[in-house]
Amino acid sequence: MKLLTANFVQCTVKACGSSPDCFPLHFDQQSPDIPLELAHEDVDYSPEFIYNILPRIEWTALLTTARELGNAQLPEKKPEIENPHAPENEQLLKDLHTLLLETQVIQGSMRCANCGHIYFIRDSIPNFLLPGHLVQ
Amino acid sequence: MPEYLILLAQKHESFRKTELEALAELEQVPVDLSGHDVNTPLLYVTLDSEEDARRLIRRSILVRSIFEVWGRGNPLERLHEDVKRRTSHLWPRYKDVSFKFDVISYRGSRTKEEQREIIESFSFLDFEGPIRMRNPEEVFTIIEEYNAASVPINDPRVLKDICFGRFIRDGQRDIIDKYDLKKRKYIGTTSFDAELALISSNIGLAAPGKLVYDPFAGTGSFLVAASHFGAMAFGSDIDGRQIRGTPNSNIVTNYNQYNVKSQFLDTFVCDFTHNPIRPSFRLDVIICDPPYGVREGLKVLGSRNTERYADRLPTRLENGDLSHLQLDYIPPKKPYHFDALLDDLLFFAADHLVDNGRLCCWMPTANEDYGERDIPMHPNLKLISNCVQEFNKWSRRLLTYSRRPRDCPSLDPIAKSNRAYKEQFRDKYFRGFSRPKGDVAFDDWEEKSL
């Protein structure tokens, strides 16, 4: 799972939907059965895509996720970009590209801060299915 | 304005105009397509420039080629006159280029000798460049159209119209073969026909810079198709086995096979009625073929036995461990009504699509009792097209909706659909679409959770 995806998924328990704590899911507590594993994988750089997706990013949540995964380099405020092809924006867009699309959680777990439910990620694929007692 | 001839594939006729309209919108090419006729593969249009002609069809799956029209007329002498009248000022430009001639006959045929005679009748163009059968700089094409067969069928067909055109470019029919399921490494029982998946991606306006989602991704047929056109794609499915595949054969290996790996975002396992995508997150396109229960059971999370989890307590194994924390835990699922799933899908699309973003959704219908009211509707989604692929007793339709801009909301109240869920498609399918005996009894469906 890439960090972009982590920025748009929340707890799927219906009762958590109204809680501000259901997003983002947290990487701060990992199960010993599936230790957290990150990887970098090259993705062709597309300034167009990063520019289009940036307004949809929840920046505070991205800061939290990045911090929990060991990256504290992000600016506190979401950068504003007017022209994705301007040379002065290139480095910033490339950094965002690396963070959002090239950083992968290969395995680990994500925790809902509201209900405490744990979602596992294996082979880069998160599983959002719920056990019977959490389905309404 | 210059006239162009679009030569269409004689396949999926009901999708051709919709695909061209979508491409015209995507490429911002102004064009009037009202001349489209499902009975002929020839479509004459006027376009601002050759550049527009190239852009209009460069992604098309259902366009074979586009030609700059140099003249039209029947018989041949009238065509010659029209070519002289329209294009004599252009001839010097092509005087020395390498070229060849082609003859295409629709609903008719010509022998090699006849073709040569027709081609030689254009010697007045006075082209002096080399004739090259391979990779010529220009291809001039004579396109004949004959009238439909009359009775008796053996009558020689009557020539209706002849067009002389300069070839501009082909569409992308060549990639249908590249994406053919027979050559794809990872497929499953629900993998979707490559040609129609590519057409769906065109109609959905999948393009570079955009984010495409398939909530019933299965083996990822729509994901690779959308990514072929440069979109970033992600998908989910309740069936983790299909999403995961095997270590050497899965959705990611398909992406590698087609060399579009950089357009793959992610896949995850989820139940659509418990979707993890946060409500504020916007998508550009949703393309899907929802499960209608023939090749795969239509199930969602939950238990058939409503009492089973009434205490809201997790299940424990005999040793006291929580079952759902086991790596091999399989959550309970229950059947769901296809119409309810479609209503859920429309609500989801209305919430998540960007303004003017598109939902392309396939839906099966039984030919015996299809009616307009079977098409699911949502006040914030405008139905753009309803393309149909017919089989013997049933059809499948590609329904395309556009998200109405949020600053001009619909006047209709947004309420849960109150349409009565009828007999499911799968039940009709398995009874062979025969008339049901007496009243069909089917389960009472619980109130949907939206």
# chains A, B, ... in the order shown; residues from 1 in each chain; ligands from 1
call {"tool": "interface_residues", "arguments": {"of": "chain B", "to": "chain A", "cutoff": "7 Å", "atoms": "only C-alpha atoms", "output": "VMD selection string"}}
result
chain B and resid 209 to 210 262 266 to 271 274 to 278 281 to 282 301 to 303 309 312 to 314 324 331 to 332
call {"tool": "select_by_dssp", "arguments": {"residues": "range 261-425 of chain B", "states": "strand (DSSP E or B)", "output": "MDAnalysis selection string"}}
result
chainID B and resid 264:269 277 283:288 299:301 316 322 333:335 353:366 378 381:390 394:403
call {"tool": "write_last_selection", "arguments": {"atoms": "C-alpha atoms", "output": "PDB file, in the first residue's frame"}}
result
ATOM      1  CA  PHE B 264      -0.802   1.211 -10.811  1.00  0.00           C
ATOM      2  CA  LEU B 265      -1.712   2.721  -7.475  1.00  0.00           C
ATOM      3  CA  ASP B 266      -3.005  -0.065  -5.223  1.00  0.00           C
ATOM      4  CA  THR B 267      -5.514  -2.789  -4.606  1.00  0.00           C
ATOM      5  CA  PHE B 268      -7.163  -3.660  -1.328  1.00  0.00           C
ATOM      6  CA  VAL B 269      -9.674  -6.136  -0.006  1.00  0.00           C
ATOM      7  CA  ILE B 277     -12.496   5.440   1.224  1.00  0.00           C
ATOM      8  CA  LEU B 283     -12.232  10.357  -7.591  1.00  0.00           C
ATOM      9  CA  ASP B 284     -12.116  11.301 -11.268  1.00  0.00           C
ATOM     10  CA  VAL B 285     -13.597   8.112 -12.700  1.00  0.00           C
ATOM     11  CA  ILE B 286     -15.311   4.970 -11.440  1.00  0.00           C
ATOM     12  CA  ILE B 287     -15.441   2.030 -13.867  1.00  0.00           C
ATOM     13  CA  CYS B 288     -16.865  -1.320 -12.853  1.00  0.00           C
ATOM     14  CA  LYS B 299     -22.179 -11.249  -0.977  1.00  0.00           C
ATOM     15  CA  VAL B 300     -21.420  -8.547   1.535  1.00  0.00           C
ATOM     16  CA  LEU B 301     -20.122  -8.614   5.087  1.00  0.00           C
ATOM     17  CA  ARG B 316     -12.808 -16.706  20.421  1.00  0.00           C
ATOM     18  CA  LEU B 322      -9.601 -13.853  19.242  1.00  0.00           C
ATOM     19  CA  LYS B 333     -20.699 -12.978   4.589  1.00  0.00           C
ATOM     20  CA  LYS B 334     -24.338 -12.870   3.589  1.00  0.00           C
ATOM     21  CA  PRO B 335     -26.129 -12.615   0.225  1.00  0.00           C
ATOM     22  CA  LEU B 353     -16.818  11.791  -8.020  1.00  0.00           C
ATOM     23  CA  VAL B 354     -15.389  15.197  -8.855  1.00  0.00           C
ATOM     24  CA  ASP B 355     -17.763  17.557 -10.665  1.00  0.00           C
ATOM     25  CA  ASN B 356     -18.385  16.118 -14.161  1.00  0.00           C
ATOM     26  CA  GLY B 357     -16.501  12.960 -13.155  1.00  0.00           C
ATOM     27  CA  ARG B 358     -17.905   9.809 -14.696  1.00  0.00           C
ATOM     28  CA  LEU B 359     -19.308   6.541 -13.446  1.00  0.00           C
ATOM     29  CA  CYS B 360     -19.225   3.731 -16.020  1.00  0.00           C
ATOM     30  CA  CYS B 361     -21.110   0.744 -14.766  1.00  0.00           C
ATOM     31  CA  TRP B 362     -22.020  -2.484 -16.533  1.00  0.00           C
ATOM     32  CA  MET B 363     -25.429  -3.968 -15.825  1.00  0.00           C
ATOM     33  CA  PRO B 364     -27.058  -7.139 -17.138  1.00  0.00           C
ATOM     34  CA  THR B 365     -30.698  -7.066 -18.207  1.00  0.00           C
ATOM     35  CA  ALA B 366     -33.029  -9.836 -19.320  1.00  0.00           C
ATOM     36  CA  HIS B 378     -29.565   9.340  -8.675  1.00  0.00           C
ATOM     37  CA  LEU B 381     -25.862  11.837 -11.515  1.00  0.00           C
ATOM     38  CA  LYS B 382     -26.832  12.556 -15.076  1.00  0.00           C
ATOM     39  CA  LEU B 383     -27.251   9.503 -17.292  1.00  0.00           C
ATOM     40  CA  ILE B 384     -25.125  10.215 -20.358  1.00  0.00           C
ATOM     41  CA  SER B 385     -25.441   7.009 -22.299  1.00  0.00           C
ATOM     42  CA  ASN B 386     -26.848   3.516 -22.246  1.00  0.00           C
ATOM     43  CA  CYS B 387     -24.871   1.311 -24.629  1.00  0.00           C
ATOM     44  CA  VAL B 388     -25.973  -2.258 -25.121  1.00  0.00           C
ATOM     45  CA  GLN B 389     -24.252  -5.501 -26.021  1.00  0.00           C
ATOM     46  CA  GLU B 390     -26.912  -8.071 -26.867  1.00  0.00           C
ATOM     47  CA  TRP B 394     -30.024 -11.194 -22.135  1.00  0.00           C
ATOM     48  CA  SER B 395     -27.934  -8.117 -22.686  1.00  0.00           C
ATOM     49  CA  ARG B 396     -25.376  -6.206 -20.803  1.00  0.00           C
ATOM     50  CA  ARG B 397     -25.417  -2.457 -20.762  1.00  0.00           C
ATOM     51  CA  LEU B 398     -22.732   0.069 -20.126  1.00  0.00           C
ATOM     52  CA  LEU B 399     -24.434   2.857 -18.190  1.00  0.00           C
ATOM     53  CA  THR B 400     -22.480   6.095 -18.037  1.00  0.00           C
ATOM     54  CA  TYR B 401     -23.302   8.875 -15.608  1.00  0.00           C
ATOM     55  CA  SER B 402     -21.720  12.256 -15.055  1.00  0.00           C
ATOM     56  CA  ARG B 403     -21.574  13.895 -11.608  1.00  0.00           C
TER      57      ARG B 403
END
call {"tool": "select_by_dssp", "arguments": {"residues": "range 60-251 of chain B", "states": "helix (DSSP H, G or I)", "output": "NGL selection string"}}
result
:B and (76-87 or 91-94 or 112-120 or 123-125 or 174-178 or 181-183 or 194-203 or 221-228 or 240-244 or 251)
call {"tool": "atom_distance", "arguments": {"atom1": "CA of Leu298 in chain B", "atom2": "CA of Pro379 in chain B"}}
result
26.0 Å
call {"tool": "residues_around", "arguments": {"residues": "Gly108 in chain B", "least_positions_apart": "3", "cutoff": "10 Å", "atoms": "only C-alpha atoms", "output": "NGL selection string"}}
result
:B and (104-105 or 144-149 or 156-159)
call {"tool": "closest_residue", "arguments": {"among": "B:Glu195, B:Glu138, B:Asp102, B:Glu21", "to": "Ile57 in chain B", "atoms": "only C-alpha atoms"}}
result
B:Glu21
call {"tool": "residues_around", "arguments": {"residues": "Arg78 in chain B", "least_positions_apart": "5", "cutoff": "12 Å", "atoms": "only C-alpha atoms", "output": "MDAnalysis selection string"}}
result
chainID B and resid 71:73 83:85 161:164
call {"tool": "residues_around", "arguments": {"residues": "Phe222 in chain B", "least_positions_apart": "5", "cutoff": "9 Å", "atoms": "only C-alpha atoms", "output": "number ranges by chain"}}
result
B: 191-192, 194, 197-198, 200-201, 213-214, 217, 227, 233, 235, 287-289
call {"tool": "write_last_selection", "arguments": {"atoms": "N, CA and C atoms", "output": "PDB file, in the first residue's frame"}}
result
ATOM      1  N   SER B 191     -12.827 -12.056 -15.465  1.00  0.00           N
ATOM      2  CA  SER B 191     -12.038 -11.098 -16.245  1.00  0.00           C
ATOM      3  C   SER B 191     -12.886 -10.546 -17.383  1.00  0.00           C
ATOM      4  N   PHE B 192     -12.729  -9.265 -17.647  1.00  0.00           N
ATOM      5  CA  PHE B 192     -13.617  -8.590 -18.586  1.00  0.00           C
ATOM      6  C   PHE B 192     -12.956  -8.449 -19.952  1.00  0.00           C
ATOM      7  N   ALA B 194     -11.272  -7.528 -23.187  1.00  0.00           N
ATOM      8  CA  ALA B 194     -10.315  -6.427 -23.296  1.00  0.00           C
ATOM      9  C   ALA B 194     -10.851  -5.265 -24.124  1.00  0.00           C
ATOM     10  N   ALA B 197     -13.428  -3.366 -22.186  1.00  0.00           N
ATOM     11  CA  ALA B 197     -12.816  -2.686 -21.037  1.00  0.00           C
ATOM     12  C   ALA B 197     -12.105  -1.415 -21.505  1.00  0.00           C
ATOM     13  N   LEU B 198     -11.424  -1.496 -22.653  1.00  0.00           N
ATOM     14  CA  LEU B 198     -10.740  -0.314 -23.191  1.00  0.00           C
ATOM     15  C   LEU B 198     -11.752   0.741 -23.621  1.00  0.00           C
ATOM     16  N   SER B 200     -14.730   1.121 -22.361  1.00  0.00           N
ATOM     17  CA  SER B 200     -15.270   1.684 -21.113  1.00  0.00           C
ATOM     18  C   SER B 200     -14.339   2.769 -20.569  1.00  0.00           C
ATOM     19  N   SER B 201     -13.027   2.530 -20.663  1.00  0.00           N
ATOM     20  CA  SER B 201     -12.072   3.518 -20.154  1.00  0.00           C
ATOM     21  C   SER B 201     -12.109   4.794 -20.985  1.00  0.00           C
ATOM     22  N   TYR B 213     -11.056   4.427 -10.132  1.00  0.00           N
ATOM     23  CA  TYR B 213     -11.317   3.394  -9.118  1.00  0.00           C
ATOM     24  C   TYR B 213     -12.287   2.358  -9.666  1.00  0.00           C
ATOM     25  N   ASP B 214     -11.953   1.087  -9.439  1.00  0.00           N
ATOM     26  CA  ASP B 214     -12.894   0.000  -9.722  1.00  0.00           C
ATOM     27  C   ASP B 214     -13.209  -0.711  -8.414  1.00  0.00           C
ATOM     28  N   ALA B 217     -12.993  -4.943  -8.556  1.00  0.00           N
ATOM     29  CA  ALA B 217     -11.874  -5.061  -9.484  1.00  0.00           C
ATOM     30  C   ALA B 217     -11.582  -6.491  -9.941  1.00  0.00           C
ATOM     31  N   SER B 227      -5.317   2.275 -17.120  1.00  0.00           N
ATOM     32  CA  SER B 227      -3.904   2.642 -17.041  1.00  0.00           C
ATOM     33  C   SER B 227      -3.261   2.702 -18.422  1.00  0.00           C
ATOM     34  N   ALA B 233      -4.651   4.050 -11.489  1.00  0.00           N
ATOM     35  CA  ALA B 233      -5.824   3.237 -11.175  1.00  0.00           C
ATOM     36  C   ALA B 233      -5.647   2.462  -9.880  1.00  0.00           C
ATOM     37  N   GLY B 235      -8.050  -0.434  -7.223  1.00  0.00           N
ATOM     38  CA  GLY B 235      -9.268  -1.235  -7.181  1.00  0.00           C
ATOM     39  C   GLY B 235      -9.392  -1.984  -5.876  1.00  0.00           C
ATOM     40  N   ILE B 287     -15.062   2.981 -12.801  1.00  0.00           N
ATOM     41  CA  ILE B 287     -15.441   2.030 -13.867  1.00  0.00           C
ATOM     42  C   ILE B 287     -15.596   0.661 -13.223  1.00  0.00           C
ATOM     43  N   CYS B 288     -16.712  -0.005 -13.473  1.00  0.00           N
ATOM     44  CA  CYS B 288     -16.865  -1.320 -12.853  1.00  0.00           C
ATOM     45  C   CYS B 288     -17.899  -2.192 -13.543  1.00  0.00           C
ATOM     46  N   ASP B 289     -17.788  -3.460 -13.260  1.00  0.00           N
ATOM     47  CA  ASP B 289     -18.757  -4.464 -13.670  1.00  0.00           C
ATOM     48  C   ASP B 289     -19.188  -5.146 -12.373  1.00  0.00           C
TER      49      ASP B 289
END
call {"tool": "closest_residue", "arguments": {"among": "B:Gln115, B:Asn392, B:Ser121, B:Thr18", "to": "Glu81 in chain B", "atoms": "only C-alpha atoms"}}
result
B:Ser121
call {"tool": "residues_around", "arguments": {"residues": "Asp28 in chain A", "least_positions_apart": "2", "cutoff": "9 Å", "atoms": "only C-alpha atoms", "output": "short mmCIF file (atom, residue, chain, number, x, y, z; two decimals) with N, CA and C atoms, in the first residue's frame"}}
result
data_model
loop_
_atom_site.label_atom_id
_atom_site.label_comp_id
_atom_site.auth_asym_id
_atom_site.auth_seq_id
_atom_site.Cartn_x
_atom_site.Cartn_y
_atom_site.Cartn_z
N HIS A 26 -3.65 4.35 12.05
CA HIS A 26 -2.32 4.57 12.62
C HIS A 26 -1.39 3.37 12.49
N GLN A 30 2.56 -1.98 16.11
CA GLN A 30 2.66 -3.06 15.14
C GLN A 30 2.60 -4.41 15.84
N THR A 65 0.92 10.12 9.34
CA THR A 65 1.34 8.85 8.75
C THR A 65 2.85 8.84 8.52
N GLU A 68 4.74 8.51 11.75
CA GLU A 68 4.68 7.16 12.30
C GLU A 68 5.55 6.18 11.53
N LEU A 69 5.79 6.50 10.27
CA LEU A 69 6.63 5.62 9.46
C LEU A 69 8.08 6.10 9.43
N SER A 109 0.49 -3.33 10.15
CA SER A 109 -0.91 -3.20 10.52
C SER A 109 -1.26 -1.75 10.78
N MET A 110 -2.55 -1.46 10.62
CA MET A 110 -3.07 -0.10 10.83
C MET A 110 -4.17 -0.19 11.88
N ARG A 111 -4.19 0.83 12.75
CA ARG A 111 -5.10 0.79 13.89
C ARG A 111 -6.07 1.97 13.82
#
